[in-house]
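J.: What follows is a structure written as structure tokens; I'll ask about it next.
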Amino acid sequence: MKKVLAMLLTFMLVMSASITAFGATTTDVDKTLESSVKFAFGDKTSFDVSESKDYYLYLIAGEYDEKIKESYFTSVKKALDGGEKFDIGTLGLIISNIVLSLEEPTDFEGYNLLDLFEKTKLSENDNIYTYMYAADIAFLFDYEALGKQLCDTMVSKYTMGAGTDFWGGWGTSADDLSVFIITLSTYYDKYTAYIEDALTLLKAYNTDAGYDNYGANANSTALALSAYASVDDEKSAEDAYNKLMLFYNKETGGFNSNYDDVLATKDAIFGLSYYWLLADFDDDTDNDENDNLTGIDKPTKPIVNVTEKTDTEDTSSANKSNTSSVKTEKEQQTPAKSPATGAGTAAFALLTMLSAGGVMLTTKKKEI
């Protein structure tokens, strides 16, 4: 892993460059990410292991603080020393945070987390919203059987033409479809038919005010943005970005919600991170300086995946707010631009944005 990181670290991106990115510039997205982090996390000085998703969002938004990293690592070690057992998705998050911090997951405080990850069994009690994290790590570290198992579990809860059923009869939603697409896009070539079907269903939730889930909202719109970016659908991603920005509050620096502005802003951070990478990569592929780099695939996707249902969110009856029946009028459109081969999302590239600059870690495309 250290050898791989050493090679990949030679690819540098400067986030401050004002490069046109569809309907915005990367500078526009940078500024929104910066204000969103301040709104969502304020003056936070530490994250513990129970806040792994928040720390993940903090990192992919381009933030880094050595003391905060140390506090998080200390919390993870304490949990491991105490014999705490993590589910596959939480382990995926923890390992992602360690790698994004440029540390070695095979020798973390005396623990081989990759070995633990490989041996962790999927469970009916798993939060399926976290499978996206595990799929990224499975792809990145060549756990092909595990990656396929994660995706196949998702597929087992999907009906072509109708969508997902994650919650035992509550049907599908824009949120669930987006998570489904993001997870499977890691192994795009093997699940193309399912992804394209889900994209068609997802577009039925698009409204002038944003993506609808019992009303247009920032959370669903951010997830839709992430889903489109994960499969390189530039046109739909640009539209979703523009809709997401309808919820941006210039006064607070966060995103408005009828329920929880902080949660909406955290989801927006994920969506914006995906969009920044999709836009910047596409613009940079014609950059002569990048063409001079050798031995590295140009970055195509981030290792970013987001929103999960938290322990405070009810995944039974309360999920009425997270699920709704598919609209009858469906947009019969295919992605404007799909990946040519291999994975469609995160595991193409590990994004670590440290301090003022951005460091892009890329991995080569591969298939199951």
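In the structure tokens, each chain is lettered A, B, ... as it comes, each chain's residues begin at 1, and ligands are numbered from 1 in order of appearance.
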Write out as JSON lines a residue-level contact list of region 140-179 of chain A versus region 226-247 of chain A with cut-off 9 Å: for each qualifying residue the closest pair of atoms and the distance in Å to one decimal, counting only C-alpha atoms, rows sorted by chain and residue number upward.
T.:
```
{"residue": "A:Leu177", "atom": "CA", "partner": "A:Ala227", "partner_atom": "CA", "distance": 8.5}
{"residue": "A:Ser178", "atom": "CA", "partner": "A:Ala227", "partner_atom": "CA", "distance": 5.2}
{"residue": "A:Val179", "atom": "CA", "partner": "A:Ala227", "partner_atom": "CA", "distance": 7.2}
```
J.: Using the selection just defined, write its residues with all heavy atoms as a CSV table (one decimal), in the first residue's frame.
T.:
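Output below, filename result.csv:
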```
chain,number,residue,atom,x,y,z
A,177,LEU,N,-32.7,5.0,-4.6
A,177,LEU,CA,-32.2,4.8,-6.0
A,177,LEU,C,-30.8,5.3,-6.2
A,177,LEU,O,-29.9,4.7,-6.8
A,177,LEU,CB,-33.1,5.4,-7.0
A,177,LEU,CG,-34.5,4.7,-7.2
A,177,LEU,CD1,-35.4,5.6,-8.0
A,177,LEU,CD2,-34.3,3.4,-7.9
A,178,SER,N,-30.5,6.5,-5.6
A,178,SER,CA,-29.2,7.1,-5.7
A,178,SER,C,-28.1,6.2,-5.0
A,178,SER,O,-27.0,6.0,-5.5
A,178,SER,CB,-29.2,8.5,-5.1
A,178,SER,OG,-30.0,9.4,-5.8
A,179,VAL,N,-28.4,5.8,-3.8
A,179,VAL,CA,-27.5,4.9,-3.1
A,179,VAL,C,-27.3,3.6,-3.8
A,179,VAL,O,-26.1,3.1,-3.9
A,179,VAL,CB,-28.1,4.6,-1.7
A,179,VAL,CG1,-27.2,3.5,-1.0
A,179,VAL,CG2,-28.1,5.9,-0.8
```
J.: Could you write out, as JSON, numbers by chain, all the residues of region 1-146 of chain A that DSSP marks as strand (DSSP E)?
T.: {"A": [12, 13, 20, 21, 24, 25]}
J.: Write the selection just made, keeping C-alpha atoms, as a PDB file, in the first residue's frame?
T.:
```pdb
ATOM      1  CA  MET A  12      -1.147  16.848  -7.738  1.00  0.00           C
ATOM      2  CA  LEU A  13      -4.198  19.003  -8.295  1.00  0.00           C
ATOM      3  CA  THR A  20     -14.947  26.030 -15.742  1.00  0.00           C
ATOM      4  CA  ALA A  21     -17.026  23.168 -14.423  1.00  0.00           C
ATOM      5  CA  ALA A  24     -20.055  26.595 -12.159  1.00  0.00           C
ATOM      6  CA  THR A  25     -16.319  26.794 -11.634  1.00  0.00           C
TER       7      THR A  25
END
```
J.: Between A:Glu118, A:Glu63, A:Asp208, A:Asp260, which residue has the minimum interatomic distance to Asp142 (chain A), considering only C-alpha atoms?
T.: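 Ranking A:Glu118, A:Glu63, A:Asp208, A:Asp260 by distance to Asp142 (chain A), first place goes to A:Glu118.
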J.: Can you pull out every residue from region 75-249 of chain A that DSSP, working from the backbone, puts in helix (DSSP H, G or I), and format the result as a PyMOL selection string?
T.: chain A and resi 75-81+88-100+105-107+113-119+128-140+144-155+174-185+188-190+192-203+218-230+234-247
J.: Set the distance at 10 Å and use only C-alpha atoms: which residues neighbour Val76 (chain A) once local chain neighbours fewer than 2 positions away are removed? I'd like the list as a count of residues only.
T.: 19
